[in-house]
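A.B. asks: Have a look at the structure that comes next, please.
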Protein chains: 4
Amino acid sequence: MNFEGIDKISPVPYYYQLEQLLRERVENGEWKPGDILPSEAELCSTFRVSRTVVRQALNKLCQDGIVYKEKGRGTFVAKPKLQEKFIQRTYGFY
Amino acid sequence: MNFEGIDKISPVPYYYQLEQLLRERVENGEWKPGDILPSEAELCSTFRVSRTVVRQALNKLCQDGIVYKEKGRGTFVAKPKLQEKFIQRTYGFY
Amino acid sequence: MNFEGIDKISPVPYYYQLEQLLRERVENGEWKPGDILPSEAELCSTFRVSRTVVRQALNKLCQDGIVYKEKGRGTFVAKPKLQEKFIQRTYGFY
Amino acid sequence: MNFEGIDKISPVPYYYQLEQLLRERVENGEWKPGDILPSEAELCSTFRVSRTVVRQALNKLCQDGIVYKEKGRGTFVAKPKLQEKFIQRTYGFY
DNA sequence: GTGGTCTAGACCACG
DNA sequence: GTGGTCTAGACCACC
């Protein structure tokens, strides 16, 4: 298996690379709705990035309704609702 | 007159206090549409907080359509569109 | 009717919101000196927060002389002594 | 050097034992004004207790003016102001 | 039954 | 990579 990691040479920001990597795992079904994600600390050490980077990536996924956070518990894969690109922003209305 | 600052004792997060302070200045008309805001560095030293805090506050205002950023130029007060609370989330649709 | 509860979206810490809510009930006279407060467990379920949050709120009220605790018995509303000045400062954000 | 640790058999609460241990180090001059203390995580692993215990101990020392905390930076030994008693003796060394 | 202590670990705010 | 807040439990000491 090759390690799907972050390319530190690439001009693409780490947080964006990480966001894509995590997003894939959800879309691949590797991580399923309701699953808990690795903790922020684990993601930091797995991908060798700082906490800031991890949080930026997770926050974007959260905004996009891919994951949700529960204080003191963790970050979880969301149930797929209507996640087409232009719908994402209205998520949370109802 | 009391100094309109950030209360470091308060349990309210700095970034949120700052967001409110900046928002007021726009709503008061102290800063008008098209005006350039102080730089992030200036805001840091004015309010005695780190750049992280300043950026969190500005990003929220940006999401809410109160200000907009231009890379390499600065942050500016936006023209008031439909900024009622529930409209904010649809911002970006059009 | 809106439920006077804890705003889980707000950036204000739960323990601080709860402290204010309980403090009000004493100041309103809804709870009188000598009255026993609901148990920590009840407050947890009423406000949908963990015991940690409840204890943080109660401990602050205890420090401020608003309530007192008796081991194995419960938490009670204190008799108002000289609580004006001191309380005024900590009440609210500023 | 023998390791001055926490007696897990003793009925004395861990947080209180820890508070005394840390207090001694300041009073002994082992830790001097302005010194940064080990992080909460380090204290946890050094003394084999949970973070709750460490924070209870540090908060008491903080209340007593022995140490102070800076958000995002760490916990530091306070300058001895008027801390009565034993401090009076060493005061003047610095 | 209550409040008191403690665990293990999460996310949040900050520099 | 720090301290701050929060969760969801556990066992203990006390009425």
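Here's how to read the names in the structure tokens: chain A, B, ... by the order shown, residue numbers from 1 in each chain, ligand numbers from 1 in the order shown.
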Chain C superposed on chain A over all ordered C-alpha pairs, least squares: can you write that as a PDB file with N, CA and C atoms, in the first residue's frame?

C.D. replies:
```pdb
ATOM      1  N   MET C   1       2.565   2.207  -4.681  1.00  0.00           N
ATOM      2  CA  MET C   1       1.315   2.896  -4.315  1.00  0.00           C
ATOM      3  C   MET C   1       1.622   4.329  -3.899  1.00  0.00           C
ATOM      4  N   ASN C   2       0.811   5.207  -4.358  1.00  0.00           N
ATOM      5  CA  ASN C   2       1.063   6.566  -3.888  1.00  0.00           C
ATOM      6  C   ASN C   2       0.197   6.870  -2.669  1.00  0.00           C
ATOM      7  N   PHE C   3       0.776   7.573  -1.768  1.00  0.00           N
ATOM      8  CA  PHE C   3       0.114   7.939  -0.531  1.00  0.00           C
ATOM      9  C   PHE C   3      -0.812   9.126  -0.780  1.00  0.00           C
ATOM     10  N   GLU C   4      -2.064   8.929  -0.474  1.00  0.00           N
ATOM     11  CA  GLU C   4      -3.056   9.988  -0.647  1.00  0.00           C
ATOM     12  C   GLU C   4      -2.850  11.003   0.448  1.00  0.00           C
ATOM     13  N   GLY C   5      -2.009  11.953   0.211  1.00  0.00           N
ATOM     14  CA  GLY C   5      -1.706  12.860   1.294  1.00  0.00           C
ATOM     15  C   GLY C   5      -1.880  14.303   0.908  1.00  0.00           C
ATOM     16  N   ILE C   6      -1.216  15.132   1.658  1.00  0.00           N
ATOM     17  CA  ILE C   6      -1.284  16.561   1.436  1.00  0.00           C
ATOM     18  C   ILE C   6      -0.045  16.982   0.676  1.00  0.00           C
ATOM     19  N   ASP C   7      -0.276  17.702  -0.395  1.00  0.00           N
ATOM     20  CA  ASP C   7       0.818  18.174  -1.239  1.00  0.00           C
ATOM     21  C   ASP C   7       1.344  19.479  -0.646  1.00  0.00           C
ATOM     22  N   LYS C   8       2.528  19.392  -0.062  1.00  0.00           N
ATOM     23  CA  LYS C   8       3.063  20.559   0.647  1.00  0.00           C
ATOM     24  C   LYS C   8       3.661  21.589  -0.309  1.00  0.00           C
ATOM     25  N   ILE C   9       3.782  21.217  -1.557  1.00  0.00           N
ATOM     26  CA  ILE C   9       4.311  22.143  -2.539  1.00  0.00           C
ATOM     27  C   ILE C   9       3.189  22.972  -3.157  1.00  0.00           C
ATOM     28  N   SER C  10       2.040  22.344  -3.267  1.00  0.00           N
ATOM     29  CA  SER C  10       0.881  22.990  -3.892  1.00  0.00           C
ATOM     30  C   SER C  10       0.531  24.316  -3.227  1.00  0.00           C
ATOM     31  N   PRO C  11       0.060  25.264  -4.022  1.00  0.00           N
ATOM     32  CA  PRO C  11      -0.406  26.528  -3.427  1.00  0.00           C
ATOM     33  C   PRO C  11      -1.768  26.387  -2.748  1.00  0.00           C
ATOM     34  N   VAL C  12      -2.411  25.233  -2.910  1.00  0.00           N
ATOM     35  CA  VAL C  12      -3.705  25.029  -2.248  1.00  0.00           C
ATOM     36  C   VAL C  12      -3.457  24.829  -0.754  1.00  0.00           C
ATOM     37  N   PRO C  13      -4.172  25.573   0.095  1.00  0.00           N
ATOM     38  CA  PRO C  13      -3.951  25.471   1.539  1.00  0.00           C
ATOM     39  C   PRO C  13      -4.096  24.044   2.053  1.00  0.00           C
ATOM     40  N   TYR C  14      -3.275  23.691   3.014  1.00  0.00           N
ATOM     41  CA  TYR C  14      -3.321  22.343   3.574  1.00  0.00           C
ATOM     42  C   TYR C  14      -4.708  22.024   4.103  1.00  0.00           C
ATOM     43  N   TYR C  15      -5.297  22.957   4.824  1.00  0.00           N
ATOM     44  CA  TYR C  15      -6.588  22.678   5.467  1.00  0.00           C
ATOM     45  C   TYR C  15      -7.648  22.343   4.433  1.00  0.00           C
ATOM     46  N   TYR C  16      -7.508  22.951   3.251  1.00  0.00           N
ATOM     47  CA  TYR C  16      -8.498  22.698   2.203  1.00  0.00           C
ATOM     48  C   TYR C  16      -8.259  21.330   1.563  1.00  0.00           C
ATOM     49  N   GLN C  17      -6.996  21.001   1.354  1.00  0.00           N
ATOM     50  CA  GLN C  17      -6.664  19.681   0.819  1.00  0.00           C
ATOM     51  C   GLN C  17      -7.166  18.602   1.769  1.00  0.00           C
ATOM     52  N   LEU C  18      -6.930  18.815   3.047  1.00  0.00           N
ATOM     53  CA  LEU C  18      -7.334  17.820   4.046  1.00  0.00           C
ATOM     54  C   LEU C  18      -8.853  17.695   4.081  1.00  0.00           C
ATOM     55  N   GLU C  19      -9.529  18.818   4.028  1.00  0.00           N
ATOM     56  CA  GLU C  19     -10.992  18.801   4.025  1.00  0.00           C
ATOM     57  C   GLU C  19     -11.501  17.918   2.883  1.00  0.00           C
ATOM     58  N   GLN C  20     -10.913  18.096   1.706  1.00  0.00           N
ATOM     59  CA  GLN C  20     -11.353  17.310   0.554  1.00  0.00           C
ATOM     60  C   GLN C  20     -11.073  15.823   0.756  1.00  0.00           C
ATOM     61  N   LEU C  21      -9.910  15.514   1.303  1.00  0.00           N
ATOM     62  CA  LEU C  21      -9.545  14.114   1.524  1.00  0.00           C
ATOM     63  C   LEU C  21     -10.516  13.430   2.485  1.00  0.00           C
ATOM     64  N   LEU C  22     -10.840  14.130   3.567  1.00  0.00           N
ATOM     65  CA  LEU C  22     -11.741  13.542   4.563  1.00  0.00           C
ATOM     66  C   LEU C  22     -13.150  13.427   4.004  1.00  0.00           C
ATOM     67  N   ARG C  23     -13.538  14.461   3.281  1.00  0.00           N
ATOM     68  CA  ARG C  23     -14.877  14.474   2.697  1.00  0.00           C
ATOM     69  C   ARG C  23     -15.058  13.270   1.764  1.00  0.00           C
ATOM     70  N   GLU C  24     -14.035  12.993   0.989  1.00  0.00           N
ATOM     71  CA  GLU C  24     -14.079  11.850   0.072  1.00  0.00           C
ATOM     72  C   GLU C  24     -14.324  10.546   0.815  1.00  0.00           C
ATOM     73  N   ARG C  25     -13.631  10.397   1.931  1.00  0.00           N
ATOM     74  CA  ARG C  25     -13.750   9.135   2.655  1.00  0.00           C
ATOM     75  C   ARG C  25     -15.162   8.907   3.155  1.00  0.00           C
ATOM     76  N   VAL C  26     -15.835  10.001   3.455  1.00  0.00           N
ATOM     77  CA  VAL C  26     -17.231   9.865   3.878  1.00  0.00           C
ATOM     78  C   VAL C  26     -18.093   9.567   2.657  1.00  0.00           C
ATOM     79  N   GLU C  27     -17.844  10.298   1.591  1.00  0.00           N
ATOM     80  CA  GLU C  27     -18.675  10.129   0.400  1.00  0.00           C
ATOM     81  C   GLU C  27     -18.453   8.771  -0.255  1.00  0.00           C
ATOM     82  N   ASN C  28     -17.258   8.245  -0.150  1.00  0.00           N
ATOM     83  CA  ASN C  28     -16.951   6.912  -0.667  1.00  0.00           C
ATOM     84  C   ASN C  28     -17.594   5.818   0.162  1.00  0.00           C
ATOM     85  N   GLY C  29     -18.007   6.168   1.364  1.00  0.00           N
ATOM     86  CA  GLY C  29     -18.542   5.157   2.249  1.00  0.00           C
ATOM     87  C   GLY C  29     -17.447   4.441   3.026  1.00  0.00           C
ATOM     88  N   GLU C  30     -16.231   4.924   2.873  1.00  0.00           N
ATOM     89  CA  GLU C  30     -15.129   4.340   3.632  1.00  0.00           C
ATOM     90  C   GLU C  30     -15.362   4.585   5.125  1.00  0.00           C
ATOM     91  N   TRP C  31     -15.903   5.752   5.414  1.00  0.00           N
ATOM     92  CA  TRP C  31     -16.331   6.060   6.777  1.00  0.00           C
ATOM     93  C   TRP C  31     -17.841   6.217   6.740  1.00  0.00           C
ATOM     94  N   LYS C  32     -18.523   5.522   7.629  1.00  0.00           N
ATOM     95  CA  LYS C  32     -19.992   5.510   7.585  1.00  0.00           C
ATOM     96  C   LYS C  32     -20.599   6.327   8.731  1.00  0.00           C
ATOM     97  N   PRO C  33     -21.849   6.713   8.549  1.00  0.00           N
ATOM     98  CA  PRO C  33     -22.540   7.486   9.588  1.00  0.00           C
ATOM     99  C   PRO C  33     -22.404   6.827  10.954  1.00  0.00           C
ATOM    100  N   GLY C  34     -22.042   7.605  11.933  1.00  0.00           N
ATOM    101  CA  GLY C  34     -21.884   7.092  13.288  1.00  0.00           C
ATOM    102  C   GLY C  34     -20.457   6.691  13.601  1.00  0.00           C
ATOM    103  N   ASP C  35     -19.674   6.405  12.574  1.00  0.00           N
ATOM    104  CA  ASP C  35     -18.262   6.062  12.807  1.00  0.00           C
ATOM    105  C   ASP C  35     -17.539   7.212  13.491  1.00  0.00           C
ATOM    106  N   ILE C  36     -16.601   6.841  14.354  1.00  0.00           N
ATOM    107  CA  ILE C  36     -15.780   7.871  14.963  1.00  0.00           C
ATOM    108  C   ILE C  36     -14.561   8.094  14.068  1.00  0.00           C
ATOM    109  N   LEU C  37     -14.209   9.349  13.889  1.00  0.00           N
ATOM    110  CA  LEU C  37     -13.019   9.660  13.090  1.00  0.00           C
ATOM    111  C   LEU C  37     -11.774   9.484  13.953  1.00  0.00           C
ATOM    112  N   PRO C  38     -10.625   9.396  13.306  1.00  0.00           N
ATOM    113  CA  PRO C  38      -9.387   9.412  14.094  1.00  0.00           C
ATOM    114  C   PRO C  38      -9.345  10.714  14.888  1.00  0.00           C
ATOM    115  N   SER C  39      -8.685  10.691  16.030  1.00  0.00           N
ATOM    116  CA  SER C  39      -8.604  11.907  16.850  1.00  0.00           C
ATOM    117  C   SER C  39      -7.814  12.979  16.112  1.00  0.00           C
ATOM    118  N   GLU C  40      -7.961  14.197  16.576  1.00  0.00           N
ATOM    119  CA  GLU C  40      -7.225  15.294  15.964  1.00  0.00           C
ATOM    120  C   GLU C  40      -5.727  15.016  15.989  1.00  0.00           C
ATOM    121  N   ALA C  41      -5.280  14.465  17.100  1.00  0.00           N
ATOM    122  CA  ALA C  41      -3.846  14.172  17.229  1.00  0.00           C
ATOM    123  C   ALA C  41      -3.400  13.145  16.183  1.00  0.00           C
ATOM    124  N   GLU C  42      -4.249  12.147  15.973  1.00  0.00           N
ATOM    125  CA  GLU C  42      -3.897  11.132  14.974  1.00  0.00           C
ATOM    126  C   GLU C  42      -3.865  11.729  13.581  1.00  0.00           C
ATOM    127  N   LEU C  43      -4.849  12.565  13.279  1.00  0.00           N
ATOM    128  CA  LEU C  43      -4.875  13.193  11.953  1.00  0.00           C
ATOM    129  C   LEU C  43      -3.630  14.057  11.754  1.00  0.00           C
ATOM    130  N   CYS C  44      -3.221  14.726  12.824  1.00  0.00           N
ATOM    131  CA  CYS C  44      -2.001  15.537  12.738  1.00  0.00           C
ATOM    132  C   CYS C  44      -0.820  14.690  12.305  1.00  0.00           C
ATOM    133  N   SER C  45      -0.657  13.549  12.960  1.00  0.00           N
ATOM    134  CA  SER C  45       0.546  12.761  12.658  1.00  0.00           C
ATOM    135  C   SER C  45       0.387  12.013  11.344  1.00  0.00           C
ATOM    136  N   THR C  46      -0.828  11.585  11.039  1.00  0.00           N
ATOM    137  CA  THR C  46      -1.037  10.897   9.759  1.00  0.00           C
ATOM    138  C   THR C  46      -0.712  11.805   8.586  1.00  0.00           C
ATOM    139  N   PHE C  47      -1.204  13.034   8.668  1.00  0.00           N
ATOM    140  CA  PHE C  47      -1.046  13.940   7.523  1.00  0.00           C
ATOM    141  C   PHE C  47       0.119  14.913   7.690  1.00  0.00           C
ATOM    142  N   ARG C  48       0.798  14.780   8.817  1.00  0.00           N
ATOM    143  CA  ARG C  48       1.993  15.605   9.045  1.00  0.00           C
ATOM    144  C   ARG C  48       1.679  17.097   8.990  1.00  0.00           C
ATOM    145  N   VAL C  49       0.622  17.467   9.664  1.00  0.00           N
ATOM    146  CA  VAL C  49       0.293  18.886   9.747  1.00  0.00           C
ATOM    147  C   VAL C  49      -0.028  19.227  11.190  1.00  0.00           C
ATOM    148  N   SER C  50      -0.141  20.511  11.467  1.00  0.00           N
ATOM    149  CA  SER C  50      -0.403  20.930  12.830  1.00  0.00           C
ATOM    150  C   SER C  50      -1.887  20.805  13.158  1.00  0.00           C
ATOM    151  N   ARG C  51      -2.172  20.925  14.405  1.00  0.00           N
ATOM    152  CA  ARG C  51      -3.557  20.763  14.836  1.00  0.00           C
ATOM    153  C   ARG C  51      -4.447  21.856  14.265  1.00  0.00           C
ATOM    154  N   THR C  52      -3.891  23.028  14.085  1.00  0.00           N
ATOM    155  CA  THR C  52      -4.640  24.142  13.500  1.00  0.00           C
ATOM    156  C   THR C  52      -5.250  23.738  12.162  1.00  0.00           C
ATOM    157  N   VAL C  53      -4.425  23.112  11.341  1.00  0.00           N
ATOM    158  CA  VAL C  53      -4.875  22.689  10.013  1.00  0.00           C
ATOM    159  C   VAL C  53      -5.978  21.659  10.134  1.00  0.00           C
ATOM    160  N   VAL C  54      -5.763  20.691  11.015  1.00  0.00           N
ATOM    161  CA  VAL C  54      -6.764  19.641  11.211  1.00  0.00           C
ATOM    162  C   VAL C  54      -8.076  20.251  11.680  1.00  0.00           C
ATOM    163  N   ARG C  55      -8.005  21.176  12.606  1.00  0.00           N
ATOM    164  CA  ARG C  55      -9.235  21.758  13.141  1.00  0.00           C
ATOM    165  C   ARG C  55      -9.955  22.618  12.099  1.00  0.00           C
ATOM    166  N   GLN C  56      -9.189  23.321  11.278  1.00  0.00           N
ATOM    167  CA  GLN C  56      -9.838  24.112  10.231  1.00  0.00           C
ATOM    168  C   GLN C  56     -10.624  23.208   9.287  1.00  0.00           C
ATOM    169  N   ALA C  57     -10.005  22.089   8.931  1.00  0.00           N
ATOM    170  CA  ALA C  57     -10.670  21.150   8.018  1.00  0.00           C
ATOM    171  C   ALA C  57     -11.913  20.551   8.682  1.00  0.00           C
ATOM    172  N   LEU C  58     -11.766  20.114   9.916  1.00  0.00           N
ATOM    173  CA  LEU C  58     -12.899  19.486  10.607  1.00  0.00           C
ATOM    174  C   LEU C  58     -14.030  20.483  10.843  1.00  0.00           C
ATOM    175  N   ASN C  59     -13.679  21.706  11.158  1.00  0.00           N
ATOM    176  CA  ASN C  59     -14.721  22.703  11.404  1.00  0.00           C
ATOM    177  C   ASN C  59     -15.550  22.963  10.157  1.00  0.00           C
ATOM    178  N   LYS C  60     -14.885  22.966   8.990  1.00  0.00           N
ATOM    179  CA  LYS C  60     -15.648  23.173   7.757  1.00  0.00           C
ATOM    180  C   LYS C  60     -16.586  21.992   7.515  1.00  0.00           C
ATOM    181  N   LEU C  61     -16.092  20.788   7.746  1.00  0.00           N
ATOM    182  CA  LEU C  61     -16.922  19.597   7.559  1.00  0.00           C
ATOM    183  C   LEU C  61     -18.081  19.607   8.543  1.00  0.00           C
ATOM    184  N   CYS C  62     -17.812  20.143   9.713  1.00  0.00           N
ATOM    185  CA  CYS C  62     -18.835  20.236  10.755  1.00  0.00           C
ATOM    186  C   CYS C  62     -19.919  21.229  10.318  1.00  0.00           C
ATOM    187  N   GLN C  63     -19.480  22.377   9.845  1.00  0.00           N
ATOM    188  CA  GLN C  63     -20.423  23.386   9.344  1.00  0.00           C
ATOM    189  C   GLN C  63     -21.286  22.819   8.229  1.00  0.00           C
ATOM    190  N   ASP C  64     -20.668  21.986   7.378  1.00  0.00           N
ATOM    191  CA  ASP C  64     -21.381  21.432   6.239  1.00  0.00           C
ATOM    192  C   ASP C  64     -22.217  20.216   6.620  1.00  0.00           C
ATOM    193  N   GLY C  65     -22.203  19.878   7.908  1.00  0.00           N
ATOM    194  CA  GLY C  65     -23.039  18.779   8.369  1.00  0.00           C
ATOM    195  C   GLY C  65     -22.526  17.405   7.986  1.00  0.00           C
ATOM    196  N   ILE C  66     -21.246  17.313   7.614  1.00  0.00           N
ATOM    197  CA  ILE C  66     -20.662  16.020   7.239  1.00  0.00           C
ATOM    198  C   ILE C  66     -20.265  15.242   8.485  1.00  0.00           C
ATOM    199  N   VAL C  67     -19.795  15.982   9.477  1.00  0.00           N
ATOM    200  CA  VAL C  67     -19.404  15.345  10.740  1.00  0.00           C
ATOM    201  C   VAL C  67     -19.970  16.173  11.901  1.00  0.00           C
ATOM    202  N   TYR C  68     -19.929  15.600  13.084  1.00  0.00           N
ATOM    203  CA  TYR C  68     -20.272  16.398  14.268  1.00  0.00           C
ATOM    204  C   TYR C  68     -19.307  16.028  15.372  1.00  0.00           C
ATOM    205  N   LYS C  69     -19.172  16.937  16.329  1.00  0.00           N
ATOM    206  CA  LYS C  69     -18.218  16.721  17.402  1.00  0.00           C
ATOM    207  C   LYS C  69     -18.938  16.551  18.726  1.00  0.00           C
ATOM    208  N   GLU C  70     -18.385  15.733  19.581  1.00  0.00           N
ATOM    209  CA  GLU C  70     -18.895  15.656  20.947  1.00  0.00           C
ATOM    210  C   GLU C  70     -17.729  15.899  21.894  1.00  0.00           C
ATOM    211  N   LYS C  71     -17.912  16.908  22.726  1.00  0.00           N
ATOM    212  CA  LYS C  71     -16.862  17.295  23.667  1.00  0.00           C
ATOM    213  C   LYS C  71     -16.400  16.112  24.497  1.00  0.00           C
ATOM    214  N   GLY C  72     -15.119  15.949  24.565  1.00  0.00           N
ATOM    215  CA  GLY C  72     -14.550  14.909  25.410  1.00  0.00           C
ATOM    216  C   GLY C  72     -14.680  13.509  24.836  1.00  0.00           C
ATOM    217  N   ARG C  73     -15.384  13.399  23.675  1.00  0.00           N
ATOM    218  CA  ARG C  73     -15.541  12.063  23.105  1.00  0.00           C
ATOM    219  C   ARG C  73     -14.837  11.918  21.759  1.00  0.00           C
ATOM    220  N   GLY C  74     -15.179  12.785  20.831  1.00  0.00           N
ATOM    221  CA  GLY C  74     -14.541  12.654  19.524  1.00  0.00           C
ATOM    222  C   GLY C  74     -15.362  13.279  18.412  1.00  0.00           C
ATOM    223  N   THR C  75     -14.980  12.978  17.193  1.00  0.00           N
ATOM    224  CA  THR C  75     -15.656  13.502  16.012  1.00  0.00           C
ATOM    225  C   THR C  75     -16.249  12.324  15.250  1.00  0.00           C
ATOM    226  N   PHE C  76     -17.504  12.494  14.826  1.00  0.00           N
ATOM    227  CA  PHE C  76     -18.234  11.387  14.230  1.00  0.00           C
ATOM    228  C   PHE C  76     -18.805  11.751  12.861  1.00  0.00           C
ATOM    229  N   VAL C  77     -18.991  10.739  12.039  1.00  0.00           N
ATOM    230  CA  VAL C  77     -19.627  10.958  10.742  1.00  0.00           C
ATOM    231  C   VAL C  77     -21.125  11.153  10.968  1.00  0.00           C
ATOM    232  N   ALA C  78     -21.658  12.216  10.370  1.00  0.00           N
ATOM    233  CA  ALA C  78     -23.081  12.531  10.531  1.00  0.00           C
ATOM    234  C   ALA C  78     -23.926  11.671   9.604  1.00  0.00           C
ATOM    235  N   LYS C  79     -25.198  11.588   9.943  1.00  0.00           N
ATOM    236  CA  LYS C  79     -26.140  10.919   9.051  1.00  0.00           C
ATOM    237  C   LYS C  79     -26.404  11.866   7.879  1.00  0.00           C
ATOM    238  N   PRO C  80     -26.431  11.313   6.684  1.00  0.00           N
ATOM    239  CA  PRO C  80     -26.681  12.196   5.540  1.00  0.00           C
ATOM    240  C   PRO C  80     -28.111  12.690   5.575  1.00  0.00           C
ATOM    241  N   LYS C  81     -28.261  14.022   5.653  1.00  0.00           N
ATOM    242  CA  LYS C  81     -29.606  14.598   5.618  1.00  0.00           C
ATOM    243  C   LYS C  81     -29.828  15.155   4.225  1.00  0.00           C
ATOM    244  N   LEU C  82     -30.055  16.441   4.152  1.00  0.00           N
ATOM    245  CA  LEU C  82     -30.200  17.065   2.838  1.00  0.00           C
ATOM    246  C   LEU C  82     -28.884  17.748   2.519  1.00  0.00           C
ATOM    247  N   GLN C  83     -27.948  16.920   2.094  1.00  0.00           N
ATOM    248  CA  GLN C  83     -26.625  17.511   1.918  1.00  0.00           C
ATOM    249  C   GLN C  83     -26.238  17.707   0.460  1.00  0.00           C
ATOM    250  N   GLU C  84     -27.074  17.207  -0.429  1.00  0.00           N
ATOM    251  CA  GLU C  84     -26.708  17.309  -1.833  1.00  0.00           C
ATOM    252  C   GLU C  84     -26.435  18.743  -2.225  1.00  0.00           C
ATOM    253  N   LYS C  85     -27.367  19.403  -2.756  1.00  0.00           N
ATOM    254  CA  LYS C  85     -27.225  20.754  -3.303  1.00  0.00           C
ATOM    255  C   LYS C  85     -26.137  21.597  -2.676  1.00  0.00           C
ATOM    256  N   PHE C  86     -26.284  21.814  -1.416  1.00  0.00           N
ATOM    257  CA  PHE C  86     -25.400  22.714  -0.692  1.00  0.00           C
ATOM    258  C   PHE C  86     -23.931  22.297  -0.820  1.00  0.00           C
ATOM    259  N   ILE C  87     -23.734  21.009  -0.746  1.00  0.00           N
ATOM    260  CA  ILE C  87     -22.376  20.503  -0.787  1.00  0.00           C
ATOM    261  C   ILE C  87     -21.795  20.630  -2.187  1.00  0.00           C
ATOM    262  N   GLN C  88     -22.647  20.387  -3.155  1.00  0.00           N
ATOM    263  CA  GLN C  88     -22.164  20.421  -4.534  1.00  0.00           C
ATOM    264  C   GLN C  88     -21.463  21.738  -4.853  1.00  0.00           C
ATOM    265  N   ARG C  89     -22.003  22.799  -4.296  1.00  0.00           N
ATOM    266  CA  ARG C  89     -21.428  24.108  -4.612  1.00  0.00           C
ATOM    267  C   ARG C  89     -20.051  24.315  -4.013  1.00  0.00           C
ATOM    268  N   THR C  90     -19.885  23.813  -2.806  1.00  0.00           N
ATOM    269  CA  THR C  90     -18.612  24.106  -2.161  1.00  0.00           C
ATOM    270  C   THR C  90     -17.550  23.088  -2.546  1.00  0.00           C
ATOM    271  N   TYR C  91     -18.006  21.987  -3.149  1.00  0.00           N
ATOM    272  CA  TYR C  91     -17.057  20.969  -3.547  1.00  0.00           C
ATOM    273  C   TYR C  91     -16.278  21.462  -4.755  1.00  0.00           C
ATOM    274  N   GLY C  92     -14.983  21.377  -4.685  1.00  0.00           N
ATOM    275  CA  GLY C  92     -14.186  21.847  -5.816  1.00  0.00           C
ATOM    276  C   GLY C  92     -14.033  23.342  -5.781  1.00  0.00           C
ATOM    277  N   PHE C  93     -13.393  23.851  -6.787  1.00  0.00           N
ATOM    278  CA  PHE C  93     -13.043  25.260  -6.784  1.00  0.00           C
ATOM    279  C   PHE C  93     -14.157  26.152  -7.255  1.00  0.00           C
ATOM    280  N   TYR C  94     -14.994  25.635  -8.127  1.00  0.00           N
ATOM    281  CA  TYR C  94     -15.947  26.540  -8.769  1.00  0.00           C
ATOM    282  C   TYR C  94     -17.367  26.320  -8.305  1.00  0.00           C
TER     283      TYR C  94
END
```

A.B. asks: In chain B, what's alpha helix (DSSP H) per DSSP? Answer as a ChimeraX atom specification?

C.D. replies: /B:14-27,40-47,51-63

A.B. asks: What residues in chain E have any atom no more than 12 Å from chain A when counting only C-alpha atoms (C1' of nucleotides), and can you write them as a list in words?

C.D. replies: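 Going by the stated atoms only, the list reads DA8, DG9, DA10, DC11, DC12, DA13 and DC14 of chain E.
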
A.B. asks: Output N, CA and C atoms (P, O5', C5', C4', C3', O3' and C1' of nucleotides) for every residue in that selection, as a compact mmCIF listing (two decimals), in the first residue's frame.

C.D. replies:
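Wrote part_11.txt, looks like this:
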```
# COMPACT_ATOMS: atom_id res chain seq x y z
P DA E 8 -6.77 6.59 33.03
O5' DA E 8 -7.42 7.00 31.65
C5' DA E 8 -8.55 6.29 31.17
C4' DA E 8 -9.05 6.97 29.92
C3' DA E 8 -7.92 7.50 29.02
O3' DA E 8 -8.12 6.94 27.74
C1' DA E 8 -9.56 9.17 29.39
P DG E 9 -7.10 7.32 26.56
O5' DG E 9 -7.88 8.46 25.79
C5' DG E 9 -9.20 8.19 25.33
C4' DG E 9 -9.87 9.50 25.01
C3' DG E 9 -9.04 10.38 24.06
O3' DG E 9 -9.72 10.52 22.84
C1' DG E 9 -10.07 11.61 25.77
P DA E 10 -8.95 11.06 21.57
O5' DA E 10 -9.94 12.18 21.01
C5' DA E 10 -11.30 11.85 20.77
C4' DA E 10 -12.19 13.05 21.07
C3' DA E 10 -11.79 14.34 20.37
O3' DA E 10 -12.35 14.34 19.07
C1' DA E 10 -12.41 14.76 22.62
P DC E 11 -11.69 15.32 18.02
O5' DC E 11 -12.30 16.75 18.39
C5' DC E 11 -13.70 16.95 18.31
C4' DC E 11 -14.05 18.31 18.92
C3' DC E 11 -13.52 19.51 18.14
O3' DC E 11 -14.50 20.55 18.20
C1' DC E 11 -12.70 19.60 20.33
P DC E 12 -14.19 22.00 17.65
O5' DC E 12 -13.72 22.83 18.94
C5' DC E 12 -14.66 23.21 19.92
C4' DC E 12 -14.14 24.42 20.69
C3' DC E 12 -13.73 25.60 19.79
O3' DC E 12 -14.13 26.79 20.45
C1' DC E 12 -11.91 24.94 21.12
P DA E 13 -13.99 28.18 19.75
O5' DA E 13 -12.69 28.77 20.45
C5' DA E 13 -12.76 29.20 21.80
C4' DA E 13 -11.41 29.74 22.21
C3' DA E 13 -10.91 30.88 21.33
O3' DA E 13 -10.58 31.94 22.22
C1' DA E 13 -9.24 29.22 21.59
P DC E 14 -9.96 33.29 21.74
O5' DC E 14 -8.40 33.01 21.79
C5' DC E 14 -7.78 32.76 23.05
C4' DC E 14 -6.31 32.49 22.83
C3' DC E 14 -5.62 33.49 21.91
O3' DC E 14 -4.87 34.37 22.72
C1' DC E 14 -4.90 31.23 21.55
```

A.B. asks: Show me, as a ChimeraX atom specification, every residue of chain F with an atom at most 10 Å from chain A, counting only C-alpha atoms (C1' of nucleotides).

C.D. replies: /F:1,5-8
